[in-house]
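One file, protein-v5.tsv, is given below (TSV, C-alpha atoms).
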chain	number	residue	atom	x	y	z
A	1	MET	CA	11.29	-29.41	20.02
A	2	THR	CA	9.50	-30.44	16.83
A	3	THR	CA	10.23	-28.86	13.46
A	4	TYR	CA	6.68	-27.51	13.47
A	5	LYS	CA	7.17	-25.60	16.71
A	6	ARG	CA	10.57	-24.35	15.64
A	7	GLU	CA	9.14	-22.99	12.39
A	8	MET	CA	6.31	-21.25	14.24
A	9	ARG	CA	8.77	-19.68	16.66
A	10	ALA	CA	10.91	-18.45	13.75
A	11	GLY	CA	7.86	-16.88	12.10
A	12	LEU	CA	6.89	-15.12	15.31
A	13	ARG	CA	10.43	-13.85	15.87
A	14	ASP	CA	10.67	-12.47	12.31
A	15	ILE	CA	7.24	-10.83	12.20
A	16	ALA	CA	7.14	-9.30	15.72
A	17	PRO	CA	9.04	-6.06	14.93
A	18	VAL	CA	6.99	-5.57	11.73
A	19	ALA	CA	3.74	-6.03	13.67
A	20	VAL	CA	4.78	-3.49	16.31
A	21	ALA	CA	5.67	-0.93	13.63
A	22	ALA	CA	2.34	-1.55	11.86
A	23	VAL	CA	0.15	-0.68	14.88
A	24	PRO	CA	0.40	3.13	14.57
A	25	ILE	CA	-0.06	2.86	10.78
A	26	GLY	CA	-3.24	0.82	11.35
A	27	LEU	CA	-4.53	3.33	13.91
A	28	LEU	CA	-3.79	6.15	11.48
A	29	PHE	CA	-5.56	4.36	8.63
A	30	GLY	CA	-8.66	3.81	10.76
A	31	ALA	CA	-8.76	7.42	11.93
A	32	LEU	CA	-8.30	8.87	8.43
A	33	ALA	CA	-10.89	6.51	6.90
A	34	ALA	CA	-13.34	7.50	9.64
A	35	ALA	CA	-12.71	11.17	8.78
A	36	LYS	CA	-13.67	10.31	5.17
A	37	GLY	CA	-17.06	9.11	6.44
A	38	LEU	CA	-16.49	5.36	6.64
A	39	SER	CA	-17.93	3.59	9.69
A	40	PRO	CA	-15.76	1.43	12.01
A	41	LEU	CA	-17.59	-1.66	10.67
A	42	GLU	CA	-16.81	-0.71	7.06
A	43	ILE	CA	-13.18	0.01	7.94
A	44	GLY	CA	-12.80	-3.29	9.81
A	45	LEU	CA	-14.34	-5.17	6.86
A	46	MET	CA	-12.01	-3.44	4.41
A	47	SER	CA	-8.91	-4.27	6.45
A	48	GLY	CA	-9.97	-7.89	6.93
A	49	LEU	CA	-11.01	-8.54	3.32
A	50	VAL	CA	-8.62	-6.37	1.29
A	51	PHE	CA	-5.69	-6.59	3.76
A	52	ALA	CA	-3.40	-4.35	1.70
A	53	GLY	CA	-2.32	-1.13	3.43
A	54	GLY	CA	-1.08	0.86	0.44
A	55	ALA	CA	-4.20	0.19	-1.62
A	56	GLN	CA	-6.46	0.93	1.35
A	57	PHE	CA	-4.77	4.27	2.02
A	58	ALA	CA	-4.98	5.22	-1.66
A	59	ALA	CA	-8.63	4.17	-1.98
A	60	THR	CA	-9.63	5.99	1.20
A	61	GLU	CA	-7.89	9.21	0.14
A	62	ALA	CA	-9.84	9.09	-3.16
A	63	TRP	CA	-13.09	8.11	-1.41
A	64	LEU	CA	-16.30	9.97	-2.30
A	65	HIS	CA	-19.93	9.40	-1.34
A	66	PRO	CA	-21.37	7.34	-2.94
A	67	ALA	CA	-18.21	5.33	-3.48
A	68	PRO	CA	-16.84	5.45	-7.08
A	69	VAL	CA	-16.61	1.64	-7.30
A	70	ALA	CA	-14.91	1.32	-10.71
A	71	ALA	CA	-12.25	3.96	-10.01
A	72	LEU	CA	-11.47	2.54	-6.55
A	73	THR	CA	-11.23	-0.99	-7.94
A	74	PHE	CA	-8.92	0.11	-10.75
A	75	ALA	CA	-6.64	2.05	-8.37
A	76	THR	CA	-6.52	-1.01	-6.10
A	77	LEU	CA	-5.61	-3.24	-9.04
A	78	LEU	CA	-2.78	-0.91	-10.08
A	79	ILE	CA	-1.28	-0.64	-6.60
A	80	ASN	CA	-1.51	-4.37	-5.96
A	81	ALA	CA	-0.24	-5.48	-9.38
A	82	ARG	CA	3.17	-5.96	-7.75
A	83	HIS	CA	1.71	-8.99	-5.91
A	84	VAL	CA	1.82	-10.92	-9.21
A	85	LEU	CA	5.62	-10.70	-9.32
A	86	MET	CA	5.96	-11.35	-5.59
A	87	GLY	CA	3.73	-14.43	-5.75
A	88	ALA	CA	5.51	-15.75	-8.84
A	89	SER	CA	8.86	-15.46	-7.10
A	90	LEU	CA	7.71	-16.92	-3.79
A	91	SER	CA	5.45	-19.81	-4.84
A	92	PRO	CA	8.24	-22.31	-5.81
A	93	LYS	CA	9.76	-21.76	-2.35
A	94	LEU	CA	6.51	-22.37	-0.42
A	95	LYS	CA	6.30	-26.03	0.58
A	96	LEU	CA	2.51	-26.30	0.33
A	97	SER	CA	-0.06	-28.07	-1.86
A	98	ARG	CA	-1.86	-26.01	-4.51
A	99	PRO	CA	-5.08	-25.56	-2.44
A	100	GLN	CA	-2.96	-24.58	0.59
A	101	GLN	CA	-1.06	-22.09	-1.56
A	102	LEU	CA	-4.34	-20.53	-2.72
A	103	LEU	CA	-5.26	-19.97	0.92
A	104	ALA	CA	-1.77	-18.85	1.95
A	105	MET	CA	-1.56	-16.22	-0.82
A	106	PHE	CA	-4.59	-14.36	0.55
A	107	PHE	CA	-2.20	-13.20	3.30
A	108	LEU	CA	0.60	-12.09	0.98
A	109	THR	CA	2.01	-8.72	2.08
A	110	ASP	CA	5.18	-6.79	1.26
A	111	GLU	CA	6.50	-7.59	4.72
A	112	SER	CA	5.79	-11.33	4.87
A	113	TRP	CA	7.06	-11.65	1.30
A	114	ALA	CA	10.34	-9.87	2.05
A	115	LEU	CA	10.94	-11.91	5.23
A	116	SER	CA	10.14	-15.17	3.42
A	117	GLU	CA	12.39	-14.40	0.46
A	118	ARG	CA	15.23	-13.75	2.90
A	119	ARG	CA	14.56	-17.01	4.77
A	120	ALA	CA	14.21	-18.92	1.48
A	121	LEU	CA	17.88	-18.22	0.74
A	122	GLU	CA	18.67	-20.78	3.45
A	123	ARG	CA	15.67	-23.13	3.65
A	124	PRO	CA	12.22	-23.73	2.13
A	125	ILE	CA	9.26	-21.80	3.57
A	126	THR	CA	6.99	-24.08	5.61
A	127	GLY	CA	3.27	-23.70	6.18
A	128	ALA	CA	3.84	-23.21	9.91
A	129	TYR	CA	6.24	-20.30	9.35
A	130	TRP	CA	3.91	-18.62	6.85
A	131	ALA	CA	0.75	-19.21	8.92
A	132	VAL	CA	2.15	-17.54	12.04
A	133	MET	CA	3.23	-14.45	10.10
A	134	ALA	CA	-0.10	-14.32	8.25
A	135	ALA	CA	-2.21	-14.64	11.42
A	136	VAL	CA	-0.22	-12.06	13.38
A	137	LEU	CA	-0.23	-9.44	10.62
A	138	TRP	CA	-3.88	-9.99	9.67
A	139	LEU	CA	-5.16	-9.72	13.26
A	140	ASN	CA	-2.84	-6.80	13.94
A	141	TRP	CA	-4.01	-4.82	10.88
A	142	SER	CA	-7.72	-5.60	11.30
A	143	ILE	CA	-7.78	-4.75	15.01
A	144	SER	CA	-5.59	-1.65	14.89
A	145	SER	CA	-7.49	-0.07	11.98
A	146	THR	CA	-10.90	-0.76	13.58
A	147	LEU	CA	-9.61	0.71	16.84
A	148	GLY	CA	-8.29	3.73	14.95
A	149	ALA	CA	-11.71	4.19	13.35
A	150	ILE	CA	-13.44	4.17	16.74
A	151	LEU	CA	-10.91	6.57	18.29
A	152	GLY	CA	-10.87	8.72	15.14
A	153	SER	CA	-14.61	9.36	15.28
A	154	PHE	CA	-14.00	11.23	18.57
A	155	MET	CA	-11.27	13.34	16.98
A	156	GLY	CA	-13.59	15.81	15.25
A	157	ASP	CA	-12.53	17.85	12.22
A	158	PRO	CA	-9.20	16.38	11.07
A	159	ALA	CA	-8.09	19.63	9.39
A	160	ARG	CA	-7.98	21.35	12.78
A	161	ILE	CA	-4.91	19.34	13.85
A	162	GLY	CA	-3.49	18.91	10.35
A	163	ALA	CA	-4.49	15.23	10.28
A	164	ASP	CA	-5.95	15.67	6.78
A	165	PHE	CA	-2.34	16.13	5.64
A	166	ALA	CA	-1.22	12.84	7.24
A	167	PHE	CA	-2.14	10.90	4.06
A	168	THR	CA	0.02	13.18	1.95
A	169	ALA	CA	2.95	12.97	4.37
A	170	LEU	CA	2.63	9.17	4.62
A	171	PHE	CA	2.59	8.77	0.84
A	172	ILE	CA	5.59	11.05	0.40
A	173	GLY	CA	7.40	8.87	2.96
A	174	LEU	CA	6.41	5.69	1.10
A	175	VAL	CA	7.47	7.11	-2.28
A	176	ALA	CA	10.86	8.08	-0.81
A	177	GLY	CA	11.34	4.38	-0.04
A	178	PHE	CA	11.55	3.69	-3.78
A	179	GLY	CA	14.80	5.64	-3.98
A	180	ARG	CA	16.13	8.47	-6.09
A	181	SER	CA	17.11	6.73	-9.31
A	182	ARG	CA	16.61	8.67	-12.55
A	183	VAL	CA	13.70	6.45	-13.63
A	184	THR	CA	11.94	6.89	-10.27
A	185	LEU	CA	12.36	10.68	-10.35
A	186	VAL	CA	10.95	10.86	-13.90
A	187	THR	CA	8.02	8.64	-12.86
A	188	VAL	CA	7.24	10.78	-9.81
A	189	GLY	CA	7.51	14.06	-11.72
A	190	VAL	CA	5.29	12.98	-14.62
A	191	SER	CA	2.67	11.31	-12.36
A	192	ALA	CA	2.48	14.37	-10.10
A	193	ALA	CA	2.09	16.81	-13.00
A	194	VAL	CA	-0.50	14.77	-14.91
A	195	ALA	CA	-2.52	13.92	-11.79
A	196	ALA	CA	-2.60	17.56	-10.64
A	197	LEU	CA	-3.66	18.80	-14.10
A	198	VAL	CA	-6.34	16.15	-14.56
A	199	HIS	CA	-7.68	16.81	-11.06
A	200	TYR	CA	-7.81	20.55	-11.76
A	201	PHE	CA	-9.39	20.39	-15.23
A	202	ILE	CA	-11.44	17.15	-15.11
A	203	GLY	CA	-11.77	16.23	-11.42
A	204	ALA	CA	-11.65	13.28	-9.01
A	205	PRO	CA	-11.28	10.33	-9.17
A	206	TRP	CA	-9.78	10.28	-12.68
A	207	HIS	CA	-6.50	11.88	-11.64
A	208	VAL	CA	-5.37	8.63	-9.97
A	209	ALA	CA	-5.58	6.36	-13.02
A	210	SER	CA	-4.36	8.98	-15.53
A	211	GLY	CA	-1.45	10.13	-13.35
A	212	ALA	CA	-0.44	6.53	-12.63
A	213	LEU	CA	-0.58	5.43	-16.29
A	214	ALA	CA	1.39	8.51	-17.39
A	215	GLY	CA	4.08	7.78	-14.80
A	216	ILE	CA	4.29	4.11	-15.83
A	217	ALA	CA	4.65	5.11	-19.50
A	218	ALA	CA	7.33	7.65	-18.53
A	219	ALA	CA	9.26	4.95	-16.65
A	220	TYR	CA	9.10	2.67	-19.69
A	221	LEU	CA	10.48	5.43	-21.93
A	222	ALA	CA	13.08	6.65	-19.41
A	223	ALA	CA	14.52	3.18	-18.74
A	224	PRO	CA	17.45	2.00	-20.85
A	225	ARG	CA	16.43	-0.09	-23.81
A	226	GLU	CA	18.89	-2.89	-22.94
A	227	ALA	CA	17.82	-5.59	-20.45
A	228	ARG	CA	19.31	-4.62	-17.11
A	229	SER	CA	18.12	-6.09	-13.83
B	1	MET	CA	-22.50	0.84	13.07
B	2	SER	CA	-23.59	1.66	9.55
B	3	LEU	CA	-22.90	-0.34	6.41
B	4	ASP	CA	-23.60	1.44	3.13
B	5	THR	CA	-24.44	-0.82	0.16
B	6	THR	CA	-22.22	1.01	-2.35
B	7	THR	CA	-19.38	1.13	0.17
B	8	LEU	CA	-19.75	-2.61	0.77
B	9	LEU	CA	-19.72	-3.24	-2.98
B	10	ALA	CA	-16.54	-1.14	-3.34
B	11	ILE	CA	-14.86	-3.06	-0.50
B	12	ILE	CA	-15.79	-6.43	-2.03
B	13	CYS	CA	-14.54	-5.37	-5.50
B	14	MET	CA	-11.28	-4.14	-3.96
B	15	ALA	CA	-10.94	-7.43	-2.05
B	16	VAL	CA	-11.57	-9.54	-5.17
B	17	VAL	CA	-9.04	-7.75	-7.41
B	18	THR	CA	-6.49	-7.81	-4.60
B	19	TYR	CA	-6.92	-11.57	-4.15
B	20	ILE	CA	-6.58	-12.09	-7.91
B	21	THR	CA	-3.24	-10.22	-7.89
B	22	ARG	CA	-2.11	-12.37	-4.95
B	23	ILE	CA	-2.83	-15.74	-6.59
B	24	ALA	CA	-1.99	-14.78	-10.19
B	25	GLY	CA	1.71	-15.27	-9.46
B	26	LEU	CA	1.10	-18.96	-8.67
B	27	PHE	CA	-0.01	-19.58	-12.25
B	28	VAL	CA	2.69	-17.66	-14.07
B	29	ALA	CA	5.64	-18.54	-11.80
B	30	ASP	CA	7.62	-20.32	-14.52
B	31	ARG	CA	6.86	-17.81	-17.29
B	32	LEU	CA	7.05	-14.36	-15.78
B	33	VAL	CA	10.55	-12.93	-16.09
B	34	LEU	CA	10.45	-9.19	-16.74
B	35	THR	CA	13.56	-7.40	-17.92
B	36	GLY	CA	14.59	-3.99	-19.20
B	37	ARG	CA	11.87	-1.47	-19.93
B	38	ALA	CA	9.00	-3.81	-19.04
B	39	LYS	CA	10.52	-4.34	-15.60
B	40	ALA	CA	11.09	-0.59	-15.15
B	41	ALA	CA	7.45	0.07	-16.05
B	42	PHE	CA	6.24	-2.60	-13.63
B	43	ASP	CA	8.49	-1.35	-10.80
B	44	ALA	CA	7.19	2.18	-11.38
B	45	ILE	CA	3.57	1.24	-10.62
B	46	PRO	CA	3.58	1.75	-6.82
B	47	PRO	CA	5.31	5.18	-6.75
B	48	ALA	CA	3.27	6.34	-9.78
B	49	VAL	CA	-0.03	5.50	-8.07
B	50	LEU	CA	0.98	6.90	-4.69
B	51	VAL	CA	2.12	10.21	-6.18
B	52	SER	CA	-1.02	10.52	-8.33
B	53	VAL	CA	-3.25	10.09	-5.28
B	54	ILE	CA	-1.65	12.94	-3.33
B	55	ALA	CA	-0.69	15.30	-6.19
B	56	PRO	CA	-3.88	17.46	-5.97
B	57	THR	CA	-3.50	17.96	-2.20
B	58	ALA	CA	0.24	18.57	-2.43
B	59	LEU	CA	0.35	20.82	-5.49
B	60	THR	CA	-2.95	22.61	-6.14
B	61	THR	CA	-4.57	23.16	-2.71
B	62	GLY	CA	-2.51	26.10	-1.51
B	63	TRP	CA	0.94	27.37	-0.55
B	64	ALA	CA	0.82	25.87	2.95
B	65	GLU	CA	0.25	22.36	1.58
B	66	ALA	CA	2.79	22.74	-1.25
B	67	ILE	CA	5.57	23.97	1.07
B	68	ALA	CA	4.73	21.34	3.71
B	69	ALA	CA	4.90	18.66	0.99
B	70	ALA	CA	8.35	19.87	-0.05
B	71	ILE	CA	9.57	19.83	3.57
B	72	THR	CA	8.13	16.33	4.03
B	73	ALA	CA	9.88	15.09	0.86
B	74	ILE	CA	13.26	16.31	2.13
B	75	ILE	CA	12.70	14.79	5.59
B	76	ALA	CA	11.45	11.50	4.09
B	77	PHE	CA	14.95	10.54	2.96
B	78	ARG	CA	16.37	11.08	6.44
B	79	LEU	CA	13.78	9.98	9.03
B	80	PRO	CA	11.64	6.85	9.55
B	81	LEU	CA	8.04	6.79	8.28
B	82	LEU	CA	6.20	7.84	11.45
B	83	ALA	CA	8.60	10.71	12.12
B	84	THR	CA	8.14	11.86	8.51
B	85	ILE	CA	4.36	11.95	9.00
B	86	ALA	CA	4.75	13.90	12.26
B	87	VAL	CA	7.01	16.50	10.61
B	88	GLY	CA	4.63	16.83	7.64
B	89	VAL	CA	1.55	17.33	9.82
B	90	ALA	CA	3.36	19.78	12.13
B	91	SER	CA	4.61	21.87	9.17
B	92	VAL	CA	1.19	22.09	7.54
B	93	VAL	CA	-0.42	23.27	10.80
B	94	LEU	CA	2.32	25.86	11.29
B	95	LEU	CA	2.19	27.08	7.67
B	96	ARG	CA	-1.62	27.33	7.65
B	97	ASN	CA	-1.36	29.65	10.64
B	98	LEU	CA	1.43	31.73	9.07
B	99	ILE	CA	0.12	32.09	5.52
Translate the structure of the given file into structure tokens.
Amino acid sequence: MTTYKREMRAGLRDIAPVAVAAVPIGLLFGALAAAKGLSPLEIGLMSGLVFAGGAQFAATEAWLHPAPVAALTFATLLINARHVLMGASLSPKLKLSRPQQLLAMFFLTDESWALSERRALERPITGAYWAVMAAVLWLNWSISSTLGAILGSFMGDPARIGADFAFTALFIGLVAGFGRSRVTLVTVGVSAAVAALVHYFIGAPWHVASGALAGIAAAYLAAPREARS
Amino acid sequence: MSLDTTTLLAIICMAVVTYITRIAGLFVADRLVLTGRAKAAFDAIPPAVLVSVIAPTALTTGWAEAIAAAITAIIAFRLPLLATIAVGVASVVLLRNLI
């Protein structure tokens, strides 16, 4: 068996469980976005072009008609800012030319990054390994969210079955994944309070940016002054 | 199949900023080492944004949503993501009928 085939097989083996777990999340995203008034075509385009679940969920939850382009773009930038650190860490380990890296990074996700960093402890990341993970996750996310959008449009009023609360529950679950350290708890408390107040007194979509910036500032102040990794 | 112009513009802007964040790391790989407070601030971005998005629904909509959010937060540390969503949705439906 050639190295190329072996690398592809390793990529498929590593990404398969992630892809299976992502299917219901994709279906859920499509259904919730459809409930916000986005068409299946728009939802499929968003998943294919943006390809970032967290940012897509956040943008869709804050979606209004007509779309508040600047606020949505800024929220997306904030949520995806972590990619800069992930890309910086991963790029020396990716055995690709610069143009190939520019293409490969379009498909950077939390999952493919985490799996690659783990594999990079033992060997460099090849194009074949990365390409298989990228293709599987991209197709999986695009197809499942479009399918969710089509199915979701038959669902009717989402509040009737509590589906309007699914966003909130999902985000609480995601936030819990960041742990219960003191800095995280301060961040969450300050962001929640500021966002709720701004939403109440000023209105959407400004609560997202103001709550996020307040939480980030709180984390900076709550963290110990000394460098500690 | 409808495609609204403003929606399309929003999607394209979101796609462009996302791609910029994805490739920016390639150009700063040898310079970007965050430590201390700067690192804490950077690491706080995802939870800060996620919480800000849901805070109005969770805190200022009504008692049913606020209590369901609290239940979900407790469950979130114990169950996987999809189970957490299921518990959250089930509790909000139940509480809306009770309150």
Provide as a PyMOL selection string the residues of chain B at most 7 Å from chain A, counting only C-alpha atoms. chain B and resi 1-3+6-7+10-11+13-15+17-19+21-26+28-29+35-38+40-41+44-56+58-60+69+72-73+76-77+81+84-85+88-89+92-93
Those same residues - C-alpha atoms - I'd like them written as a CSV table (one decimal), in the frame of the given file.
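Saved the output as out06.csv:
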chain,number,residue,atom,x,y,z
B,1,MET,CA,-22.5,0.8,13.1
B,2,SER,CA,-23.6,1.7,9.6
B,3,LEU,CA,-22.9,-0.3,6.4
B,6,THR,CA,-22.2,1.0,-2.4
B,7,THR,CA,-19.4,1.1,0.2
B,10,ALA,CA,-16.5,-1.1,-3.3
B,11,ILE,CA,-14.9,-3.1,-0.5
B,13,CYS,CA,-14.5,-5.4,-5.5
B,14,MET,CA,-11.3,-4.1,-4.0
B,15,ALA,CA,-10.9,-7.4,-2.0
B,17,VAL,CA,-9.0,-7.8,-7.4
B,18,THR,CA,-6.5,-7.8,-4.6
B,19,TYR,CA,-6.9,-11.6,-4.2
B,21,THR,CA,-3.2,-10.2,-7.9
B,22,ARG,CA,-2.1,-12.4,-5.0
B,23,ILE,CA,-2.8,-15.7,-6.6
B,24,ALA,CA,-2.0,-14.8,-10.2
B,25,GLY,CA,1.7,-15.3,-9.5
B,26,LEU,CA,1.1,-19.0,-8.7
B,28,VAL,CA,2.7,-17.7,-14.1
B,29,ALA,CA,5.6,-18.5,-11.8
B,35,THR,CA,13.6,-7.4,-17.9
B,36,GLY,CA,14.6,-4.0,-19.2
B,37,ARG,CA,11.9,-1.5,-19.9
B,38,ALA,CA,9.0,-3.8,-19.0
B,40,ALA,CA,11.1,-0.6,-15.2
B,41,ALA,CA,7.4,0.1,-16.0
B,44,ALA,CA,7.2,2.2,-11.4
B,45,ILE,CA,3.6,1.2,-10.6
B,46,PRO,CA,3.6,1.8,-6.8
B,47,PRO,CA,5.3,5.2,-6.8
B,48,ALA,CA,3.3,6.3,-9.8
B,49,VAL,CA,0.0,5.5,-8.1
B,50,LEU,CA,1.0,6.9,-4.7
B,51,VAL,CA,2.1,10.2,-6.2
B,52,SER,CA,-1.0,10.5,-8.3
B,53,VAL,CA,-3.2,10.1,-5.3
B,54,ILE,CA,-1.6,12.9,-3.3
B,55,ALA,CA,-0.7,15.3,-6.2
B,56,PRO,CA,-3.9,17.5,-6.0
B,58,ALA,CA,0.2,18.6,-2.4
B,59,LEU,CA,0.4,20.8,-5.5
B,60,THR,CA,-3.0,22.6,-6.1
B,69,ALA,CA,4.9,18.7,1.0
B,72,THR,CA,8.1,16.3,4.0
B,73,ALA,CA,9.9,15.1,0.9
B,76,ALA,CA,11.4,11.5,4.1
B,77,PHE,CA,15.0,10.5,3.0
B,81,LEU,CA,8.0,6.8,8.3
B,84,THR,CA,8.1,11.9,8.5
B,85,ILE,CA,4.4,12.0,9.0
B,88,GLY,CA,4.6,16.8,7.6
B,89,VAL,CA,1.6,17.3,9.8
B,92,VAL,CA,1.2,22.1,7.5
B,93,VAL,CA,-0.4,23.3,10.8
Measure the distance from CA of Met155 (chain A) to CA of Ala68 (chain B) in Å and round it to one decimal.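 Separation between CA of Met155 (chain A) and CA of Ala68 (chain B): 22.3 Å.
The interatomic distance for the pair CA of Ser145 (chain A) and CA of Leu32 (chain A) works out to 9.7 Å.
What separates CA of Trp141 (chain A) from CA of Ala35 (chain A) is a distance of 18.3 Å.
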Your completed region 46-54 of chain B with all heavy atoms, as a short mmCIF file (atom, residue, chain, number, x, y, z; two decimals), keeping the file's coordinate frame:
data_model
loop_
_atom_site.label_atom_id
_atom_site.label_comp_id
_atom_site.auth_asym_id
_atom_site.auth_seq_id
_atom_site.Cartn_x
_atom_site.Cartn_y
_atom_site.Cartn_z
N PRO B 46 3.93 1.22 -8.15
CA PRO B 46 3.58 1.75 -6.82
C PRO B 46 3.89 3.25 -6.64
O PRO B 46 2.98 3.99 -6.25
CB PRO B 46 4.39 0.87 -5.86
CG PRO B 46 4.72 -0.36 -6.64
CD PRO B 46 4.83 0.06 -8.07
N PRO B 47 5.11 3.74 -6.94
CA PRO B 47 5.31 5.18 -6.75
C PRO B 47 4.41 6.03 -7.65
O PRO B 47 3.94 7.09 -7.22
CB PRO B 47 6.80 5.40 -7.09
CG PRO B 47 7.25 4.19 -7.78
CD PRO B 47 6.37 3.07 -7.33
N ALA B 48 4.13 5.57 -8.88
CA ALA B 48 3.27 6.34 -9.78
C ALA B 48 1.86 6.51 -9.20
O ALA B 48 1.29 7.60 -9.23
CB ALA B 48 3.20 5.67 -11.15
N VAL B 49 1.32 5.43 -8.65
CA VAL B 49 -0.03 5.50 -8.07
C VAL B 49 -0.03 6.38 -6.82
O VAL B 49 -0.89 7.25 -6.66
CB VAL B 49 -0.58 4.09 -7.73
CG1 VAL B 49 -1.93 4.20 -7.06
CG2 VAL B 49 -0.66 3.24 -8.99
N LEU B 50 0.95 6.15 -5.95
CA LEU B 50 0.98 6.90 -4.69
C LEU B 50 1.08 8.40 -4.95
O LEU B 50 0.36 9.20 -4.34
CB LEU B 50 2.18 6.44 -3.84
CG LEU B 50 2.09 5.00 -3.30
CD1 LEU B 50 3.41 4.59 -2.66
CD2 LEU B 50 0.97 4.89 -2.27
N VAL B 51 1.94 8.79 -5.87
CA VAL B 51 2.12 10.21 -6.18
C VAL B 51 0.84 10.79 -6.79
O VAL B 51 0.43 11.90 -6.46
CB VAL B 51 3.33 10.41 -7.12
CG1 VAL B 51 3.33 11.82 -7.70
CG2 VAL B 51 4.62 10.15 -6.38
N SER B 52 0.20 10.03 -7.68
CA SER B 52 -1.02 10.52 -8.33
C SER B 52 -2.12 10.78 -7.32
O SER B 52 -2.89 11.73 -7.47
CB SER B 52 -1.51 9.51 -9.37
OG SER B 52 -0.50 9.28 -10.32
N VAL B 53 -2.20 9.93 -6.29
CA VAL B 53 -3.25 10.09 -5.28
C VAL B 53 -3.08 11.41 -4.54
O VAL B 53 -4.06 12.12 -4.30
CB VAL B 53 -3.24 8.89 -4.30
CG1 VAL B 53 -4.12 9.18 -3.09
CG2 VAL B 53 -3.70 7.63 -5.00
N ILE B 54 -1.85 11.76 -4.19
CA ILE B 54 -1.65 12.94 -3.33
C ILE B 54 -1.35 14.22 -4.11
O ILE B 54 -1.35 15.30 -3.53
CB ILE B 54 -0.51 12.72 -2.31
CG1 ILE B 54 0.78 12.34 -3.03
CG2 ILE B 54 -0.93 11.70 -1.28
CD1 ILE B 54 2.01 12.57 -2.20
#
